[in-house]
$ cat data26.cif   # mmCIF, C-alpha atoms
data_entry
loop_
_atom_site.group_PDB
_atom_site.id
_atom_site.type_symbol
_atom_site.label_atom_id
_atom_site.label_comp_id
_atom_site.auth_asym_id
_atom_site.auth_seq_id
_atom_site.Cartn_x
_atom_site.Cartn_y
_atom_site.Cartn_z
ATOM 1 C CA MET J 297 0.000 0.000 0.000
ATOM 2 C CA ILE J 298 1.127 3.537 -0.745
ATOM 3 C CA GLN J 299 1.643 5.919 2.159
ATOM 4 C CA ILE J 300 1.739 9.666 1.773
ATOM 5 C CA TYR J 301 3.097 11.929 4.484
ATOM 6 C CA HIS J 302 0.751 14.835 3.885
ATOM 7 C CA ASN J 303 0.329 18.439 4.990
ATOM 8 C CA PRO J 304 -3.110 19.667 3.839
ATOM 9 C CA ARG J 305 -1.955 23.305 3.992
ATOM 10 C CA CYS J 306 0.789 22.688 1.407
ATOM 11 C CA GLY J 307 -0.113 23.037 -2.270
ATOM 12 C CA LYS J 308 2.566 20.571 -3.428
ATOM 13 C CA SER J 309 1.294 18.050 -0.899
ATOM 14 C CA ARG J 310 -2.330 18.529 -2.012
ATOM 15 C CA ASN J 311 -1.311 18.116 -5.669
ATOM 16 C CA CYS J 312 0.619 14.944 -4.881
ATOM 17 C CA LEU J 313 -2.297 13.495 -2.915
ATOM 18 C CA ALA J 314 -4.688 14.237 -5.809
ATOM 19 C CA PHE J 315 -2.259 12.527 -8.183
ATOM 20 C CA VAL J 316 -2.033 9.448 -5.947
ATOM 21 C CA GLU J 317 -5.837 9.356 -5.680
ATOM 22 C CA ASP J 318 -6.092 9.431 -9.487
ATOM 23 C CA THR J 319 -3.917 6.315 -9.782
ATOM 24 C CA LYS J 320 -6.716 4.311 -8.132
ATOM 25 C CA GLN J 321 -4.112 2.489 -6.047
ATOM 26 C CA GLU J 322 -4.741 1.857 -2.381
ATOM 27 C CA TYR J 323 -3.139 4.502 -0.178
ATOM 28 C CA GLU J 324 -2.949 5.744 3.378
ATOM 29 C CA ILE J 325 -2.583 9.382 4.403
ATOM 30 C CA ILE J 326 -0.195 10.064 7.271
ATOM 31 C CA PRO J 327 -0.928 13.511 8.738
ATOM 32 C CA TYR J 328 2.630 13.887 10.040
ATOM 33 C CA LEU J 329 2.018 17.303 11.621
ATOM 34 C CA THR J 330 -0.483 15.800 14.080
ATOM 35 C CA GLU J 331 0.792 12.205 14.069
ATOM 36 C CA THR J 332 4.500 12.889 14.238
ATOM 37 C CA PRO J 333 6.736 9.920 13.433
ATOM 38 C CA THR J 334 8.804 8.519 16.272
ATOM 39 C CA PHE J 335 12.594 8.770 16.224
ATOM 40 C CA ASP J 336 12.911 5.213 14.886
ATOM 41 C CA GLU J 337 10.146 5.729 12.302
ATOM 42 C CA LEU J 338 11.835 8.865 11.008
ATOM 43 C CA LYS J 339 15.224 7.114 10.838
ATOM 44 C CA GLU J 340 13.589 4.288 8.861
ATOM 45 C CA LEU J 341 11.922 6.805 6.551
ATOM 46 C CA LEU J 342 15.293 8.445 5.923
ATOM 47 C CA LYS J 343 16.696 5.014 4.946
ATOM 48 C CA LYS J 344 13.828 4.496 2.502
ATOM 49 C CA LEU J 345 14.459 7.964 1.057
ATOM 50 C CA ASP J 346 18.225 7.348 0.992
ATOM 51 C CA LEU J 347 18.759 10.813 2.473
ATOM 52 C CA LYS J 348 20.791 12.301 5.281
ATOM 53 C CA PRO J 349 18.643 14.015 7.928
ATOM 54 C CA ILE J 350 19.681 17.519 6.816
ATOM 55 C CA GLU J 351 18.429 16.711 3.304
ATOM 56 C CA LEU J 352 14.893 16.249 4.650
ATOM 57 C CA ILE J 353 14.874 19.597 6.469
ATOM 58 C CA ARG J 354 12.950 22.589 5.156
ATOM 59 C CA THR J 355 15.835 24.974 5.817
ATOM 60 C CA LYS J 356 13.839 28.106 4.962
ATOM 61 C CA GLU J 357 11.320 27.531 7.754
ATOM 62 C CA LYS J 358 11.422 30.224 10.422
ATOM 63 C CA ILE J 359 11.811 27.606 13.187
ATOM 64 C CA TRP J 360 14.944 26.236 11.497
ATOM 65 C CA ILE J 361 16.472 29.650 10.886
ATOM 66 C CA GLU J 362 15.822 30.903 14.425
ATOM 67 C CA ASN J 363 16.743 27.755 16.347
ATOM 68 C CA TYR J 364 19.050 25.516 14.350
ATOM 69 C CA LYS J 365 20.713 27.248 11.392
ATOM 70 C CA GLY J 366 24.482 27.510 11.698
ATOM 71 C CA LYS J 367 24.684 25.088 14.626
ATOM 72 C CA ASP J 368 26.866 21.986 14.426
ATOM 73 C CA LEU J 369 24.156 19.341 14.874
ATOM 74 C CA SER J 370 24.575 15.583 14.735
ATOM 75 C CA ASN J 371 22.278 13.533 12.507
ATOM 76 C CA ASP J 372 20.367 12.380 15.588
ATOM 77 C CA GLU J 373 19.925 15.985 16.739
ATOM 78 C CA ILE J 374 18.533 16.910 13.313
ATOM 79 C CA VAL J 375 16.111 13.971 13.476
ATOM 80 C CA GLN J 376 15.041 15.118 16.945
ATOM 81 C CA ALA J 377 14.506 18.662 15.614
ATOM 82 C CA MET J 378 12.089 17.218 13.018
ATOM 83 C CA ILE J 379 10.237 15.291 15.704
ATOM 84 C CA ASP J 380 10.017 18.367 17.932
ATOM 85 C CA ASN J 381 8.998 20.549 14.959
ATOM 86 C CA PRO J 382 7.403 18.356 12.261
ATOM 87 C CA ILE J 383 6.820 21.428 10.062
ATOM 88 C CA LEU J 384 10.551 21.104 9.297
ATOM 89 C CA ILE J 385 9.997 17.811 7.442
ATOM 90 C CA GLU J 386 10.026 18.210 3.664
ATOM 91 C CA ARG J 387 6.747 17.170 2.101
ATOM 92 C CA PRO J 388 5.024 15.307 0.671
ATOM 93 C CA ILE J 389 6.745 11.973 1.108
ATOM 94 C CA VAL J 390 5.437 8.993 -0.832
ATOM 95 C CA VAL J 391 6.288 5.475 0.356
ATOM 96 C CA LYS J 392 5.760 2.269 -1.628
ATOM 97 C CA ASP J 393 7.324 -1.186 -1.488
ATOM 98 C CA GLY J 394 9.987 -0.259 1.055
ATOM 99 C CA LYS J 395 11.189 2.822 -0.837
ATOM 100 C CA ALA J 396 10.266 6.481 -0.610
ATOM 101 C CA ILE J 397 10.579 9.757 -2.499
ATOM 102 C CA ILE J 398 9.797 13.383 -1.838
ATOM 103 C CA GLY J 399 6.771 13.894 -4.047
ATOM 104 C CA ARG J 400 7.125 17.519 -5.110
ATOM 105 C CA ASP J 401 7.651 16.581 -8.786
ATOM 106 C CA LEU J 402 4.600 14.718 -10.095
ATOM 107 C CA ASP J 403 6.557 13.220 -13.017
ATOM 108 C CA LYS J 404 8.873 11.562 -10.482
ATOM 109 C CA VAL J 405 5.865 10.399 -8.465
ATOM 110 C CA ALA J 406 4.367 8.856 -11.613
ATOM 111 C CA SER J 407 7.592 6.928 -12.344
ATOM 112 C CA PHE J 408 7.881 5.899 -8.701
ATOM 113 C CA LEU J 409 4.338 4.493 -8.548
ATOM 114 C CA ASP J 410 4.575 2.528 -11.817
#
$ encode --input "data26.cif" --output "structure tokens"
Amino acid sequence: MIQIYHNPRCGKSRNCLAFVEDTKQEYEIIPYLTETPTFDELKELLKKLDLKPIELIRTKEKIWIENYKGKDLSNDEIVQAMIDNPILIERPIVVKDGKAIIGRDLDKVASFLD
């Protein structure tokens, strides 16, 4: 089953969700802002994405700039920052068959879901 880590206030996330719906494949919405992944879940998601924690951070978010930017943070500290402030997690994230992508580009999502 497809999972989509979704923020309903984000246009890219809404577009990705609509695209996934149109595929008629079974999917599950994960509202990560209100159902924040645990530390281990986020680490596993990073493995599926094949990304370092900093690569999943929305570095232009005010919370990041005011609290974390320029600090020498370990990967675990960056993961914890995303758990403490899930708005920092890049979105949407689409998961299928043990792999994941950031679904901002619908052409990539289409290839990923095929």
$ atom_distance --input "data26.cif" --atom1 "atom CA of Leu329 of chain J" --atom2 "atom CA of Ile389 of chain J"
12.7 Å
$ resolve_selection --input "data26.cif" --expression "the PyMOL selection byres ((chain J and resi 383) around 10)" --output "PyMOL selection string"
chain J and resi 303+328-329+332+353-354+357-360+377-382+384-387
$ closest_residue --input "data26.cif" --among "J:Lys339, J:Lys367, J:Lys395, J:Arg310" --to "Ile325 of chain J" --atoms "all atoms listed in the file"
J:Arg310
$ closest_residue --input "data26.cif" --among "J:Leu313, J:Leu342, J:Gln376, J:His302" --to "Pro327 of chain J" --atoms "only C-alpha atoms"
J:His302
$ atom_distance --input "data26.cif" --atom1 "atom CA of Asp336 of chain J" --atom2 "atom CA of Pro349 of chain J"
12.6 Å
$ atom_distance --input "data26.cif" --atom1 "atom CA of Pro304 of chain J" --atom2 "atom CA of Val375 of chain J"
22.2 Å
$ closest_residue --input "data26.cif" --among "J:Cys312, J:Cys306, J:Leu338, J:Leu369" --to "Val390 of chain J" --atoms "only C-alpha atoms"
J:Cys312
$ residues_near_point --input "data26.cif" --point "(13.7, 8.4, 8.3)" --cutoff "10 Å" --atoms "all atoms listed in the file" --output "NGL selection string"
:J and (333-349 or 352 or 375 or 396)
$ closest_residue --input "data26.cif" --among "J:Ser370, J:Lys392, J:Leu402, J:Ile397" --to "Gln321 of chain J" --atoms "only C-alpha atoms"
J:Lys392
$ resolve_selection --input "data26.cif" --expression "the PyMOL selection byres ((chain J and resi 297) around 6)" --output "ChimeraX atom specification"
/J:298,322-323
$ build_atoms --input "data26.cif" --residues "segment 311-322 of chain J" --atoms "all heavy atoms" --output "mmCIF file, keeping the file's coordinate frame"
data_model
loop_
_atom_site.group_PDB
_atom_site.id
_atom_site.type_symbol
_atom_site.label_atom_id
_atom_site.label_comp_id
_atom_site.auth_asym_id
_atom_site.auth_seq_id
_atom_site.Cartn_x
_atom_site.Cartn_y
_atom_site.Cartn_z
ATOM 1 N N ASN J 311 -1.423 18.572 -4.282
ATOM 2 C CA ASN J 311 -1.311 18.116 -5.669
ATOM 3 C C ASN J 311 -0.854 16.667 -5.739
ATOM 4 O O ASN J 311 -1.361 15.879 -6.539
ATOM 5 C CB ASN J 311 -0.341 18.998 -6.456
ATOM 6 C CG ASN J 311 -0.881 20.384 -6.706
ATOM 7 O OD1 ASN J 311 -2.074 20.636 -6.593
ATOM 8 N ND2 ASN J 311 0.008 21.307 -7.030
ATOM 9 N N CYS J 312 0.111 16.312 -4.908
ATOM 10 C CA CYS J 312 0.619 14.944 -4.881
ATOM 11 C C CYS J 312 -0.477 13.982 -4.425
ATOM 12 O O CYS J 312 -0.668 12.920 -5.034
ATOM 13 C CB CYS J 312 1.836 14.850 -3.969
ATOM 14 S SG CYS J 312 2.595 13.213 -3.938
ATOM 15 N N LEU J 313 -1.214 14.350 -3.401
ATOM 16 C CA LEU J 313 -2.297 13.495 -2.915
ATOM 17 C C LEU J 313 -3.338 13.292 -4.011
ATOM 18 O O LEU J 313 -3.795 12.170 -4.237
ATOM 19 C CB LEU J 313 -2.937 14.100 -1.663
ATOM 20 C CG LEU J 313 -4.138 13.332 -1.108
ATOM 21 C CD1 LEU J 313 -3.767 11.902 -0.753
ATOM 22 C CD2 LEU J 313 -4.712 14.059 0.098
ATOM 23 N N ALA J 314 -3.712 14.357 -4.717
ATOM 24 C CA ALA J 314 -4.688 14.237 -5.809
ATOM 25 C C ALA J 314 -4.156 13.296 -6.890
ATOM 26 O O ALA J 314 -4.908 12.472 -7.432
ATOM 27 C CB ALA J 314 -4.998 15.614 -6.386
ATOM 28 N N PHE J 315 -2.874 13.397 -7.185
ATOM 29 C CA PHE J 315 -2.259 12.527 -8.183
ATOM 30 C C PHE J 315 -2.331 11.068 -7.734
ATOM 31 O O PHE J 315 -2.704 10.185 -8.515
ATOM 32 C CB PHE J 315 -0.805 12.947 -8.424
ATOM 33 C CG PHE J 315 -0.140 12.149 -9.493
ATOM 34 C CD1 PHE J 315 -0.264 12.514 -10.821
ATOM 35 C CD2 PHE J 315 0.610 11.021 -9.180
ATOM 36 C CE1 PHE J 315 0.345 11.764 -11.820
ATOM 37 C CE2 PHE J 315 1.218 10.276 -10.167
ATOM 38 C CZ PHE J 315 1.085 10.641 -11.492
ATOM 39 N N VAL J 316 -1.982 10.816 -6.478
ATOM 40 C CA VAL J 316 -2.033 9.448 -5.947
ATOM 41 C C VAL J 316 -3.468 8.929 -5.991
ATOM 42 O O VAL J 316 -3.707 7.780 -6.389
ATOM 43 C CB VAL J 316 -1.447 9.389 -4.517
ATOM 44 C CG1 VAL J 316 -1.715 8.036 -3.866
ATOM 45 C CG2 VAL J 316 0.053 9.674 -4.544
ATOM 46 N N GLU J 317 -4.428 9.761 -5.620
ATOM 47 C CA GLU J 317 -5.837 9.356 -5.680
ATOM 48 C C GLU J 317 -6.228 8.949 -7.101
ATOM 49 O O GLU J 317 -6.950 7.973 -7.302
ATOM 50 C CB GLU J 317 -6.742 10.486 -5.191
ATOM 51 C CG GLU J 317 -6.681 10.712 -3.703
ATOM 52 C CD GLU J 317 -7.437 11.957 -3.230
ATOM 53 O OE1 GLU J 317 -7.718 12.858 -4.064
ATOM 54 O OE2 GLU J 317 -7.725 12.026 -2.029
ATOM 55 N N ASP J 318 -5.751 9.700 -8.088
ATOM 56 C CA ASP J 318 -6.092 9.431 -9.487
ATOM 57 C C ASP J 318 -5.524 8.112 -9.999
ATOM 58 O O ASP J 318 -6.017 7.577 -10.993
ATOM 59 C CB ASP J 318 -5.613 10.574 -10.386
ATOM 60 C CG ASP J 318 -6.456 11.830 -10.240
ATOM 61 O OD1 ASP J 318 -7.560 11.756 -9.641
ATOM 62 O OD2 ASP J 318 -6.005 12.899 -10.711
ATOM 63 N N THR J 319 -4.492 7.585 -9.339
ATOM 64 C CA THR J 319 -3.917 6.315 -9.782
ATOM 65 C C THR J 319 -4.815 5.132 -9.433
ATOM 66 O O THR J 319 -4.601 4.036 -9.926
ATOM 67 C CB THR J 319 -2.524 6.061 -9.156
ATOM 68 O OG1 THR J 319 -2.662 5.808 -7.751
ATOM 69 C CG2 THR J 319 -1.570 7.208 -9.441
ATOM 70 N N LYS J 320 -5.773 5.356 -8.576
ATOM 71 C CA LYS J 320 -6.716 4.311 -8.132
ATOM 72 C C LYS J 320 -6.023 3.189 -7.352
ATOM 73 O O LYS J 320 -6.579 2.118 -7.171
ATOM 74 C CB LYS J 320 -7.507 3.717 -9.307
ATOM 75 C CG LYS J 320 -8.211 4.733 -10.163
ATOM 76 C CD LYS J 320 -9.349 5.393 -9.446
ATOM 77 C CE LYS J 320 -10.120 6.293 -10.416
ATOM 78 N NZ LYS J 320 -10.584 7.510 -9.812
ATOM 79 N N GLN J 321 -4.806 3.458 -6.896
ATOM 80 C CA GLN J 321 -4.112 2.489 -6.047
ATOM 81 C C GLN J 321 -4.511 2.753 -4.593
ATOM 82 O O GLN J 321 -4.867 3.867 -4.226
ATOM 83 C CB GLN J 321 -2.596 2.622 -6.201
ATOM 84 C CG GLN J 321 -2.097 2.301 -7.603
ATOM 85 C CD GLN J 321 -0.596 2.414 -7.710
ATOM 86 O OE1 GLN J 321 0.123 1.741 -6.973
ATOM 87 N NE2 GLN J 321 -0.119 3.251 -8.619
ATOM 88 N N GLU J 322 -4.415 1.720 -3.794
ATOM 89 C CA GLU J 322 -4.741 1.857 -2.381
ATOM 90 C C GLU J 322 -3.665 2.693 -1.700
ATOM 91 O O GLU J 322 -2.470 2.508 -1.940
ATOM 92 C CB GLU J 322 -4.809 0.468 -1.746
ATOM 93 C CG GLU J 322 -5.483 0.455 -0.394
ATOM 94 C CD GLU J 322 -5.682 -0.969 0.120
ATOM 95 O OE1 GLU J 322 -5.862 -1.886 -0.692
ATOM 96 O OE2 GLU J 322 -5.642 -1.126 1.352
#
